[in-house]
>>> print(open('input_4.txt').read())   # compact mmCIF, C-alpha atoms and all ligand atoms
# COMPACT_ATOMS: atom_id res chain seq x y z
CA MET W 1 0.00 0.00 0.00
CA ASP W 2 1.08 3.58 -0.59
CA ILE W 3 1.46 5.74 2.48
CA GLU W 4 -1.73 7.71 1.62
CA THR W 5 -3.68 4.44 1.94
CA MET W 6 -1.72 3.13 4.92
CA VAL W 7 -2.56 6.13 7.11
CA LEU W 8 -6.25 5.24 6.67
CA HIS W 9 -6.25 1.45 6.58
CA GLY W 10 -2.95 0.26 8.07
CA GLY W 11 -3.28 -2.18 10.95
CA TYR W 12 -7.07 -2.16 11.26
CA LYS W 13 -10.02 -3.88 9.61
CA PRO W 14 -13.65 -3.19 10.60
CA ASP W 15 -14.43 -4.99 13.86
CA PRO W 16 -15.77 -8.47 12.85
CA GLN W 17 -18.40 -8.47 15.61
CA THR W 18 -19.88 -4.99 15.17
CA GLY W 19 -18.52 -3.70 11.84
CA SER W 20 -17.22 -0.58 13.62
CA THR W 21 -15.00 1.25 11.11
CA ALA W 22 -13.26 3.18 13.87
CA GLU W 23 -11.01 1.21 16.20
CA PRO W 24 -13.01 0.67 19.43
CA ILE W 25 -11.61 2.30 22.57
CA HIS W 26 -10.83 -0.62 24.87
CA GLN W 27 -11.11 1.35 28.08
CA THR W 28 -10.26 -1.54 30.35
CA THR W 29 -7.63 -2.17 32.97
CA ALA W 30 -7.43 -5.96 32.68
CA TYR W 31 -8.65 -8.93 30.60
CA ALA W 32 -10.71 -11.84 31.96
CA TYR W 33 -9.99 -15.54 31.24
CA ALA W 34 -12.38 -18.43 31.80
CA LYS W 35 -9.75 -20.81 33.15
CA ALA W 36 -6.86 -20.40 35.60
CA ASP W 37 -4.55 -22.27 33.18
CA GLU W 38 -5.34 -19.93 30.31
CA ILE W 39 -4.23 -16.76 32.09
CA SER W 40 -1.20 -18.58 33.44
CA ASP W 41 -0.19 -19.57 29.87
CA VAL W 42 -0.49 -15.95 28.71
CA PHE W 43 1.56 -14.73 31.69
CA ARG W 44 4.32 -17.21 30.95
CA GLY W 45 4.36 -16.39 27.22
CA TYR W 46 3.01 -19.78 26.05
CA ALA W 47 -0.15 -18.26 24.53
CA PRO W 48 -0.92 -14.82 23.04
CA GLY W 49 -3.31 -12.54 24.87
CA TYR W 50 -3.80 -9.36 26.85
CA ILE W 51 -3.21 -9.32 30.60
CA TYR W 52 -3.20 -5.79 31.96
CA SER W 53 -3.30 -2.46 30.08
CA ARG W 54 0.01 -1.29 31.55
CA LEU W 55 1.60 -4.00 29.37
CA ALA W 56 -0.59 -3.85 26.25
CA ASN W 57 -4.06 -2.75 25.14
CA PRO W 58 -5.96 -3.59 21.90
CA THR W 59 -6.56 0.06 20.93
CA SER W 60 -2.87 0.86 21.36
CA SER W 61 -1.99 -2.36 19.51
CA ALA W 62 -3.94 -1.11 16.48
CA LEU W 63 -1.92 2.12 16.56
CA GLU W 64 1.27 0.08 16.92
CA ARG W 65 0.38 -2.02 13.85
CA ARG W 66 -0.28 1.12 11.79
CA LEU W 67 2.98 2.78 12.85
CA THR W 68 4.91 -0.44 12.15
CA GLU W 69 3.52 -0.44 8.61
CA LEU W 70 4.21 3.26 8.11
CA GLU W 71 7.87 2.83 9.12
CA GLU W 72 8.17 -0.59 7.44
CA GLY W 73 9.43 -1.88 10.77
CA VAL W 74 9.16 -5.23 12.53
CA GLY W 75 7.21 -3.92 15.53
CA CYS W 76 6.23 -0.92 17.62
CA LEU W 77 5.63 0.01 21.23
CA THR W 78 3.46 3.04 21.99
CA THR W 79 4.12 5.09 25.10
CA ALA W 80 2.45 7.78 27.18
CA SER W 81 4.61 10.50 25.59
CA GLY W 82 7.55 11.09 23.28
CA MET W 83 9.74 11.51 26.35
CA ALA W 84 8.56 8.14 27.66
CA ALA W 85 9.62 6.59 24.33
CA ILE W 86 13.08 8.19 24.54
CA ALA W 87 13.45 7.24 28.22
CA SER W 88 12.41 3.62 27.56
CA VAL W 89 14.86 3.22 24.67
CA ALA W 90 17.76 4.88 26.51
CA MET W 91 17.15 2.92 29.71
CA GLY W 92 16.67 -0.29 27.74
CA LEU W 93 20.07 0.08 26.07
CA THR W 94 22.24 1.41 28.92
CA ARG W 95 23.33 0.66 32.47
CA ALA W 96 25.26 2.78 35.00
CA GLY W 97 28.73 3.46 33.59
CA ASP W 98 27.58 3.50 29.94
CA HIS W 99 27.81 6.31 27.41
CA ILE W 100 25.64 7.81 24.64
CA VAL W 101 26.67 9.90 21.62
CA ALA W 102 24.03 12.41 20.47
CA SER W 103 23.70 15.31 18.05
CA ARG W 104 23.81 18.70 19.73
CA GLY W 105 20.64 20.35 18.43
CA LEU W 106 18.17 18.07 20.20
CA PHE W 107 14.85 19.02 21.80
CA GLY W 108 15.61 20.60 25.21
CA GLY W 109 13.66 17.92 27.09
CA THR W 110 15.77 15.18 25.51
CA ILE W 111 19.02 16.97 26.37
CA SER W 112 17.80 17.47 29.92
CA PHE W 113 16.87 13.78 30.16
CA PHE W 114 20.25 12.62 28.86
CA VAL W 115 22.34 15.04 30.92
CA LYS W 116 20.42 15.48 34.14
CA THR W 117 18.21 12.42 34.64
CA LEU W 118 20.41 9.74 33.06
CA GLY W 119 23.45 11.53 34.52
CA ARG W 120 22.04 10.83 38.01
CA PHE W 121 22.04 7.13 37.17
CA GLY W 122 25.64 7.13 35.94
CA VAL W 123 25.06 7.31 32.18
CA GLU W 124 27.06 10.02 30.39
CA THR W 125 26.25 11.68 27.04
CA SER W 126 28.64 13.38 24.58
CA PHE W 127 27.13 15.88 22.14
CA VAL W 128 28.46 16.40 18.62
CA ASP W 129 27.49 18.96 15.95
CA ALA W 130 25.08 17.25 13.55
CA GLU W 131 27.22 18.05 10.49
CA ASP W 132 30.44 16.80 12.13
CA THR W 133 30.41 13.21 10.88
CA ASP W 134 33.97 12.56 12.07
CA GLY W 135 32.94 13.99 15.44
CA PHE W 136 30.43 11.15 15.90
CA ARG W 137 33.17 8.61 15.24
CA GLY W 138 35.61 10.42 17.51
CA ALA W 139 33.10 10.66 20.37
CA LEU W 140 32.58 6.88 20.56
CA LYS W 141 34.07 5.20 23.63
CA THR W 142 34.35 1.55 24.59
CA ASN W 143 31.28 1.98 26.82
CA THR W 144 29.10 3.77 24.19
CA LYS W 145 25.78 1.98 23.72
CA PHE W 146 23.99 3.94 20.98
CA ILE W 147 24.04 7.03 18.75
CA PHE W 148 21.01 9.33 18.93
CA VAL W 149 19.97 11.99 16.39
CA GLU W 150 16.86 13.97 15.44
CA THR W 151 16.00 14.11 11.72
CA ILE W 152 15.71 17.89 12.12
CA GLY W 153 17.00 19.30 15.40
CA ASN W 154 14.46 21.21 17.49
CA PRO W 155 15.10 24.19 17.48
CA LYS W 156 18.64 24.18 16.03
CA MET W 157 17.22 23.08 12.67
CA ASP W 158 20.33 20.99 12.05
CA VAL W 159 20.01 17.94 9.79
CA PRO W 160 22.43 15.08 10.47
CA ASP W 161 23.73 12.86 7.71
CA ILE W 162 21.77 9.79 8.86
CA PRO W 163 23.46 7.25 6.52
CA ALA W 164 26.89 8.40 7.73
CA ALA W 165 25.78 8.20 11.39
CA ALA W 166 24.36 4.71 10.73
CA ASP W 167 27.65 3.55 9.17
CA ILE W 168 29.60 4.83 12.18
CA ALA W 169 27.21 3.17 14.65
CA HIS W 170 27.20 -0.14 12.77
CA ALA W 171 30.98 -0.22 12.41
CA ALA W 172 31.05 -0.16 16.22
CA CYS W 173 28.24 -2.78 16.39
CA LEU W 174 25.89 -0.18 17.95
CA PRO W 175 22.32 0.83 17.02
CA LEU W 176 21.42 4.24 15.58
CA VAL W 177 18.32 5.72 17.23
CA VAL W 178 16.51 8.40 15.20
CA ASP W 179 13.84 10.76 16.56
CA SER W 180 11.74 11.46 13.45
CA THR W 181 9.08 13.56 15.19
CA LEU W 182 9.58 16.60 12.93
CA THR W 183 9.56 14.66 9.69
CA THR W 184 7.08 11.77 10.20
CA PRO W 185 7.05 8.79 7.80
CA VAL W 186 5.71 11.15 5.11
CA LEU W 187 9.10 12.88 4.71
CA ILE W 188 11.46 10.05 5.62
CA ARG W 189 11.55 6.40 6.58
CA PRO W 190 14.78 6.40 8.59
CA LYS W 191 14.99 2.61 8.10
CA GLU W 192 15.94 3.17 4.45
CA PHE W 193 18.93 5.25 5.58
CA GLY W 194 20.18 2.71 8.11
CA ALA W 195 18.35 3.67 11.34
CA ASP W 196 17.73 0.81 13.76
CA ILE W 197 15.18 2.36 16.09
CA VAL W 198 12.78 5.16 15.19
CA ILE W 199 11.12 7.33 17.82
CA HIS W 200 8.13 9.63 17.43
CA SER W 201 6.45 12.07 19.72
CA LEU W 202 2.90 11.33 18.54
CA SER W 203 1.81 14.53 20.32
CA LYS W 204 3.00 16.53 17.27
CA PHE W 205 2.28 15.96 13.55
CA ILE W 206 1.06 12.37 13.85
CA ASN W 207 -1.79 13.44 16.13
CA GLY W 208 -1.92 16.74 14.29
CA HIS W 209 -4.66 18.33 16.36
CA GLY W 210 -2.92 19.17 19.62
CA ASN W 211 -5.30 17.05 21.67
CA SER W 212 -3.28 14.13 23.12
CA ILE W 213 0.25 13.35 24.26
CA GLY W 214 1.86 10.12 23.05
CA GLY W 215 5.02 8.46 21.84
CA ALA W 216 6.18 5.48 19.81
CA ILE W 217 9.24 3.26 19.41
CA ILE W 218 9.59 1.37 16.15
CA ASP W 219 12.20 -1.32 15.61
CA THR W 220 13.12 -1.11 11.92
CA GLY W 221 14.60 -4.61 11.88
CA ASN W 222 18.02 -3.33 10.73
CA TYR W 223 19.90 -4.20 13.93
CA ASP W 224 20.83 -7.82 14.55
CA TRP W 225 19.97 -8.20 18.24
CA ALA W 226 21.00 -11.87 18.17
CA ASN W 227 24.60 -10.81 17.51
CA GLY W 228 24.51 -7.32 18.97
CA ALA W 229 26.29 -5.52 21.78
CA PHE W 230 23.66 -6.23 24.50
CA ALA W 231 24.05 -9.55 26.33
CA ASP W 232 20.54 -9.63 27.83
CA ILE W 233 18.86 -8.82 24.50
CA ARG W 234 21.06 -11.37 22.70
CA GLU W 235 19.69 -14.04 25.01
CA LEU W 236 16.11 -12.91 24.38
CA ALA W 237 16.69 -13.00 20.61
CA ALA W 238 16.90 -16.80 20.75
CA LYS W 239 13.17 -16.77 21.60
CA ALA W 240 11.85 -13.45 20.29
CA GLY W 241 14.01 -13.10 17.13
CA LYS W 242 13.68 -9.69 15.46
CA LEU W 243 11.32 -8.55 18.23
CA ALA W 244 13.92 -9.09 20.97
CA PHE W 245 14.46 -5.39 21.76
CA LEU W 246 10.76 -4.56 21.94
CA ALA W 247 10.15 -7.70 24.04
CA HIS W 248 12.99 -6.59 26.35
CA LEU W 249 11.27 -3.21 26.79
CA ARG W 250 7.75 -4.59 27.20
CA MET W 251 8.82 -7.23 29.71
CA LEU W 252 11.10 -4.99 31.73
CA ILE W 253 11.70 -1.23 31.38
CA TYR W 254 8.35 -0.26 29.86
CA ARG W 255 6.42 -2.54 32.19
CA ASP W 256 8.29 -1.29 35.23
CA LEU W 257 8.19 2.41 34.36
CA GLY W 258 4.44 2.20 33.75
CA CYS W 259 4.68 4.53 30.76
CA CYS W 260 1.80 3.00 28.75
CA PRO W 261 -0.52 5.25 26.72
CA SER W 262 -4.18 5.63 27.63
CA PRO W 263 -6.39 3.78 25.12
CA PHE W 264 -8.33 7.01 24.60
CA ASN W 265 -5.15 8.84 23.53
CA SER W 266 -4.25 5.96 21.19
CA PHE W 267 -7.70 6.34 19.62
CA MET W 268 -7.10 10.09 19.17
CA HIS W 269 -3.74 9.41 17.47
CA LEU W 270 -5.35 6.79 15.19
CA THR W 271 -7.96 9.36 14.19
CA GLY W 272 -5.42 12.14 13.74
CA ILE W 273 -3.03 10.05 11.67
CA GLU W 274 -5.67 9.58 8.94
CA GLY W 275 -5.01 13.09 7.58
CA LEU W 276 -1.21 12.95 8.02
CA THR W 277 -0.15 12.81 4.36
CA MET W 278 -2.39 15.68 3.29
CA ARG W 279 -1.49 17.77 6.31
CA MET W 280 2.26 17.28 5.82
CA GLU W 281 2.06 18.38 2.16
CA ARG W 282 0.30 21.59 3.16
CA HIS W 283 2.53 22.16 6.22
CA CYS W 284 5.62 21.93 4.00
CA GLN W 285 4.22 24.25 1.30
CA ASN W 286 3.22 26.87 3.88
CA ALA W 287 6.54 26.65 5.74
CA GLN W 288 8.50 27.08 2.49
CA ALA W 289 6.45 30.16 1.56
CA LEU W 290 6.75 31.71 5.03
CA ALA W 291 10.50 31.00 5.19
CA GLU W 292 11.06 32.69 1.82
CA TRP W 293 8.92 35.67 2.85
CA LEU W 294 10.75 36.07 6.18
CA ALA W 295 14.17 35.70 4.51
CA ALA W 296 13.34 38.63 2.24
CA HIS W 297 12.07 40.86 5.08
CA PRO W 298 14.43 43.73 6.01
CA ASN W 299 13.70 43.47 9.78
CA VAL W 300 14.45 39.75 10.01
CA LYS W 301 18.07 38.98 10.89
CA GLY W 302 18.19 35.35 9.82
CA VAL W 303 15.90 32.42 8.97
CA GLU W 304 16.73 28.75 9.50
CA TYR W 305 14.73 26.41 7.29
CA PRO W 306 16.29 23.51 5.36
CA GLY W 307 14.07 24.33 2.36
CA LEU W 308 15.98 27.56 1.70
CA ALA W 309 18.69 27.02 -0.93
CA SER W 310 21.05 29.11 1.22
CA ASN W 311 20.56 26.87 4.27
CA ALA W 312 23.61 24.93 5.46
CA TYR W 313 21.60 21.69 5.63
CA HIS W 314 19.71 22.10 2.32
CA GLU W 315 21.66 19.41 0.47
CA THR W 316 21.51 16.86 3.28
CA ALA W 317 17.78 17.53 3.70
CA ASN W 318 17.26 17.06 -0.05
CA LYS W 319 18.97 13.70 0.09
CA LEU W 320 16.90 12.53 3.07
CA PHE W 321 13.46 14.11 2.73
CA GLY W 322 12.77 13.95 -0.99
CA GLY W 323 12.34 17.67 -1.67
CA ARG W 324 10.15 18.56 1.33
CA TYR W 325 11.54 20.18 4.42
CA GLY W 326 9.00 20.03 7.23
CA ALA W 327 6.90 22.61 9.02
CA MET W 328 9.27 24.06 11.58
CA LEU W 329 11.43 27.12 11.06
CA THR W 330 13.18 29.65 13.24
CA PHE W 331 14.02 33.31 12.72
CA ARG W 332 15.89 36.00 14.64
CA LEU W 333 14.94 39.57 15.37
CA GLY W 334 18.17 40.97 16.84
CA SER W 335 17.08 41.22 20.48
CA LYS W 336 15.04 39.38 23.09
CA ASP W 337 12.86 42.46 23.45
CA ALA W 338 11.92 42.44 19.75
CA ALA W 339 11.21 38.67 19.88
CA MET W 340 8.89 39.05 22.89
CA LYS W 341 7.13 42.05 21.30
CA PHE W 342 6.65 40.14 18.04
CA ILE W 343 4.98 37.24 19.88
CA ASP W 344 2.70 39.64 21.78
CA ALA W 345 1.67 41.28 18.51
CA THR W 346 0.64 38.14 16.60
CA GLU W 347 -3.06 37.32 16.55
CA LEU W 348 -3.45 34.17 14.47
CA ALA W 349 -0.33 32.31 15.59
CA GLN W 350 -0.75 30.78 19.03
CA ASN W 351 2.01 31.25 21.61
CA LEU W 352 2.43 27.83 23.20
CA ALA W 353 4.85 24.98 23.93
CA ASN W 354 3.92 22.56 21.18
CA LEU W 355 4.58 21.95 17.51
CA GLY W 356 2.97 19.91 14.79
CA ASP W 357 -0.56 21.12 15.43
CA SER W 358 -2.63 21.99 12.33
CA LYS W 359 -2.61 25.56 13.66
CA THR W 360 0.40 27.88 13.44
CA LEU W 361 2.29 27.95 16.75
CA ILE W 362 5.10 30.21 17.94
CA ILE W 363 7.31 30.28 20.99
CA HIS W 364 10.39 32.03 22.37
CA PRO W 365 12.55 28.96 23.22
CA ALA W 366 15.19 30.81 25.28
CA SER W 367 12.72 31.97 27.94
CA THR W 368 10.63 28.77 27.95
CA ILE W 369 11.77 25.31 26.82
CA PHE W 370 15.48 26.21 27.21
CA SER W 371 15.20 28.52 30.23
CA GLU W 372 16.84 25.93 32.53
CA PHE W 373 20.12 26.24 30.55
CA ALA W 374 22.78 28.98 30.83
CA PRO W 375 22.83 31.62 28.01
CA GLU W 376 26.01 30.24 26.38
CA GLU W 377 24.59 26.69 26.48
CA ARG W 378 21.36 27.96 24.89
CA GLU W 379 23.38 29.54 22.05
CA ARG W 380 25.11 26.21 21.42
CA MET W 381 21.77 24.38 21.45
CA GLY W 382 20.37 26.75 18.85
CA ALA W 383 18.16 28.82 21.18
CA PRO W 384 19.68 32.33 21.32
CA ASP W 385 17.72 35.12 23.05
CA ASP W 386 16.40 36.76 19.86
CA LEU W 387 15.12 33.57 18.22
CA ILE W 388 11.48 32.64 17.58
CA ARG W 389 10.45 29.09 16.72
CA VAL W 390 7.50 28.65 14.39
CA SER W 391 5.52 25.50 13.70
CA VAL W 392 3.78 26.49 10.50
CA GLY W 393 0.16 25.36 10.34
CA ILE W 394 -2.15 24.45 7.48
CA GLU W 395 -4.20 27.66 7.49
CA SER W 396 -4.24 29.86 4.36
CA VAL W 397 -0.61 30.94 3.96
CA LYS W 398 -1.90 34.40 3.02
CA ASP W 399 -3.41 34.75 6.50
CA ILE W 400 -0.26 33.45 8.21
CA ILE W 401 1.94 35.92 6.33
CA ALA W 402 -0.51 38.77 7.02
CA ASP W 403 -0.30 37.99 10.77
CA PHE W 404 3.52 37.94 10.71
CA ASP W 405 3.61 41.08 8.57
CA SER W 406 1.47 43.12 10.97
CA ALA W 407 3.46 41.82 13.99
CA LEU W 408 6.75 42.81 12.31
CA GLN W 409 5.37 46.24 11.43
CA SER W 410 4.45 46.82 15.07
CA LEU W 411 8.09 46.50 16.25
C1 LIG W 501 11.78 16.26 18.55
C2 LIG W 501 11.02 15.94 19.82
N1 LIG W 501 11.15 14.73 20.38
C3 LIG W 501 10.51 14.41 21.52
C4 LIG W 501 9.68 15.31 22.15
C5 LIG W 501 8.98 14.91 23.40
O1 LIG W 501 7.68 14.52 23.12
P1 LIG W 501 6.46 14.60 24.17
O2 LIG W 501 6.20 16.04 24.41
O3 LIG W 501 5.37 13.87 23.48
O4 LIG W 501 6.93 13.91 25.41
C6 LIG W 501 9.49 16.57 21.58
C7 LIG W 501 8.61 17.56 22.25
O5 LIG W 501 8.56 18.71 21.88
C8 LIG W 501 10.19 16.90 20.40
O6 LIG W 501 10.07 18.11 19.82
>>> encode(input="input_4.txt", output="structure tokens", more="lines below")
Ligand SMILES: Cc1ncc(COP(=O)(O)O)c(C=O)c1O
Amino acid sequence: MDIETMVLHGGYKPDPQTGSTAEPIHQTTAYAYAKADEISDVFRGYAPGYIYSRLANPTSSALERRLTELEEGVGCLTTASGMAAIASVAMGLTRAGDHIVASRGLFGGTISFFVKTLGRFGVETSFVDAEDTDGFRGALKTNTKFIFVETIGNPKMDVPDIPAAADIAHAACLPLVVDSTLTTPVLIRPKEFGADIVIHSLSKFINGHGNSIGGAIIDTGNYDWANGAFADIRELAAKAGKLAFLAHLRMLIYRDLGCCPSPFNSFMHLTGIEGLTMRMERHCQNAQALAEWLAAHPNVKGVEYPGLASNAYHETANKLFGGRYGAMLTFRLGSKDAAMKFIDATELAQNLANLGDSKTLIIHPASTIFSEFAPEERERMGAPDDLIRVSVGIESVKDIIADFDSALQSL
């Protein structure tokens, strides 16, 4: 199936009992069995079945099947949030004393998780500029357990060379983990470029309507867990084969952290995902037009958008995303004061801490998402004081530009 069909039909057929064309919301905590032996068999893995919704739930399973198809993976685990997906993967691959290599322009929450939370448990992270391919190789240590990149850094807007990062990871027998939240399977299937694990915050474009938090982990099937660098997962691979890593998470980290999604949220993501391909086309068109308009504006000091021919990551983005460049852009106004005034003056764009909604969203990252970091760290992470982040929506681009125009005129 083409992706336009998959977003509507992937992983679900009308319910055989009722004919319901929408996946039912299985709002249940646990699952009843007629016989004591039956539930015991399911517990011990001798028979398939649901036990308790912290481990698995049929509504979330439908979403997992659809996401597996969309990423052409071998399996998926949905989580309560994007952060829960990142935490589960990182904790599933490391122990105290281990090390992670990551690109520098990551979402602030991910950096905070790697540095502060994982740091408390004895796991260290080294950050490398996304374009510094040799830097990734040089940062590897004997205790490194994975390389982590975002397809487009939020808000640094840096685009790593994913095939090169995959080659470096694989040469060291390590998995490459790719957060594809900003690109979705519409712009890139990271599997085709060598990624081993794909992560999404479903809260963004996949949901598309800003109404539910969620996350997903997809195993692309590229990494050979049976011969990999993780002794416990190697053992599991004898039984679970390609699904060894996801089984390791579901039977241990994910189960113990209790980071399952609510079935209602999974239903909302399944509904939202149906319009994903059409939304992404429009998001990308609008973002390109707004980026070009901002780049030509005399009061704008700089625009970062990989769709601009002048952008440092334009060529890499072209290679990876097939001529579309996503919906997020950033621009600078020369001072924090001007950035704050601009945000106050917009009327259509909503000032909030999200991206990937159908509506246009703006935020001042330095005083919000990155406020816990020192000014020089914020600069390095791509969040200087005069920068505004925009998640360009699917409204009429004429109306978006008119809103930005009047806000810029008011400065
Ligand atoms: C690229 C990226 N990954 C992960 C996350 C975390 O996702 P969530 O907010 O669903 O926990 C975000 C949130 O903004 C993000 O932008």
>>> residues_around(input="input_4.txt", residues="range 319-327 of chain W", least_positions_apart="5", cutoff="6 Å", atoms="all atoms listed in the file", output="number ranges by chain")
W: 183, 187-188, 283-284, 287, 306-307, 391-392
>>> axis_aligned_box(input="input_4.txt", around="ligand LIG 501 (chain W)", padding_each_side="5 Å", output="AutoDock Vina command-line options")
--center_x 8.6 --center_y 16.3 --center_z 22.0 --size_x 16.4 --size_y 14.8 --size_z 16.9
>>> closest_atom_pairs(input="input_4.txt", of="chain W", to="ligand LIG 501 (chain W)", cutoff="10 Å", atoms="only C-alpha atoms and all ligand atoms", output="CSV")
residue,atom,partner,partner_atom,distance
W:Thr79,CA,W:LIG501,O3,9.0
W:Ala80,CA,W:LIG501,O3,7.7
W:Ser81,CA,W:LIG501,O3,4.0
W:Gly82,CA,W:LIG501,O1,3.4
W:Met83,CA,W:LIG501,O4,3.8
W:Ala84,CA,W:LIG501,O4,6.4
W:Ala85,CA,W:LIG501,O4,7.9
W:Ile86,CA,W:LIG501,C3,7.4
W:Ala87,CA,W:LIG501,O4,9.7
W:Gly105,CA,W:LIG501,C1,9.8
W:Leu106,CA,W:LIG501,C1,6.8
W:Phe107,CA,W:LIG501,O6,5.3
W:Gly108,CA,W:LIG501,O5,8.0
W:Gly109,CA,W:LIG501,C5,6.7
W:Thr110,CA,W:LIG501,C3,6.6
W:Val149,CA,W:LIG501,C1,9.5
W:Glu150,CA,W:LIG501,C1,6.4
W:Thr151,CA,W:LIG501,C1,8.3
W:Ile152,CA,W:LIG501,C1,7.7
W:Gly153,CA,W:LIG501,C1,6.8
W:Asn154,CA,W:LIG501,C1,5.7
W:Pro155,CA,W:LIG501,O6,8.2
W:Val178,CA,W:LIG501,C1,9.8
W:Asp179,CA,W:LIG501,N1,6.1
W:Ser180,CA,W:LIG501,C1,7.0
W:Thr181,CA,W:LIG501,C1,5.1
W:Leu182,CA,W:LIG501,C1,6.0
W:Thr183,CA,W:LIG501,C1,9.3
W:Ile199,CA,W:LIG501,N1,7.8
W:His200,CA,W:LIG501,N1,6.6
W:Ser201,CA,W:LIG501,O3,4.3
W:Leu202,CA,W:LIG501,O3,6.1
W:Ser203,CA,W:LIG501,O3,4.8
W:Lys204,CA,W:LIG501,O3,7.2
W:Ser212,CA,W:LIG501,O3,8.7
W:Ile213,CA,W:LIG501,O3,5.2
W:Gly214,CA,W:LIG501,O3,5.2
W:Gly215,CA,W:LIG501,O3,5.7
W:Ala216,CA,W:LIG501,O3,9.2
W:Ala353,CA,W:LIG501,O5,7.6
W:Asn354,CA,W:LIG501,O5,6.1
W:Leu355,CA,W:LIG501,O5,6.7
W:Gly356,CA,W:LIG501,O6,8.9
W:Ile369,CA,W:LIG501,O5,8.8
>>> closest_residue(input="input_4.txt", among="W:Leu246, W:Ile400, W:Lys156, W:Asn318", to="Leu387 in chain W", atoms="all atoms listed in the file")
W:Lys156
>>> closest_residue(input="input_4.txt", among="W:Gly334, W:His26, W:Ile51, W:Leu176", to="Glu38 in chain W", atoms="only C-alpha atoms")
W:Ile51
>>> residues_around(input="input_4.txt", residues="range 29-36 of chain W", least_positions_apart="2", cutoff="7 Å", atoms="only C-alpha atoms", output="PyMOL selection string")
chain W and resi 27+38-40+50-53
>>> residues_near_point(input="input_4.txt", point="(17.4, -2.8, 6.8)", cutoff="10 Å", atoms="all atoms listed in the file", output="list in words")
Glu72, Gly73, Pro190, Lys191, Glu192, Phe193, Gly194, Ala195, Asp196, Thr220, Gly221, Asn222, Tyr223 and Asp224 of chain W
>>> closest_atom_pairs(input="input_4.txt", of="range 126-239 of chain W", to="range 7-14 of chain W", cutoff="12 Å", atoms="all atoms listed in the file", output="Markdown table")
| residue | atom | partner | partner_atom | distance |
| --- | --- | --- | --- | --- |
| W:Thr184 | CA | W:Val7 | CA | 11.6 |
| W:Pro185 | CA | W:Val7 | CA | 10.0 |
| W:Val186 | CA | W:Val7 | CA | 9.9 |
| W:Ile206 | CA | W:Val7 | CA | 9.9 |
| W:Asn207 | CA | W:Val7 | CA | 11.6 |
>>> closest_residue(input="input_4.txt", among="W:His99, W:Asp161, W:Phe404, W:Asp129", to="Gly382 in chain W", atoms="all atoms listed in the file")
W:Asp129
>>> closest_residue(input="input_4.txt", among="W:Met157, W:Ala96, W:Ala407, W:Ile25", to="Ala62 in chain W", atoms="all atoms listed in the file")
W:Ile25
>>> atom_distance(input="input_4.txt", atom1="CA of Met340 in chain W", atom2="CA of Val303 in chain W")
16.9 Å
>>> residues_around(input="input_4.txt", residues="Val177 in chain W", least_positions_apart="5", cutoff="6 Å", atoms="all atoms listed in the file", output="VMD selection string")
chain W and resid 148 197 to 198
>>> closest_residue(input="input_4.txt", among="W:Val74, W:Ile362, W:Leu294, W:Val300", to="Ala345 in chain W", atoms="all atoms listed in the file")
W:Ile362
>>> atom_distance(input="input_4.txt", atom1="CA of Lys336 in chain W", atom2="CA of Ser310 in chain W")
24.9 Å
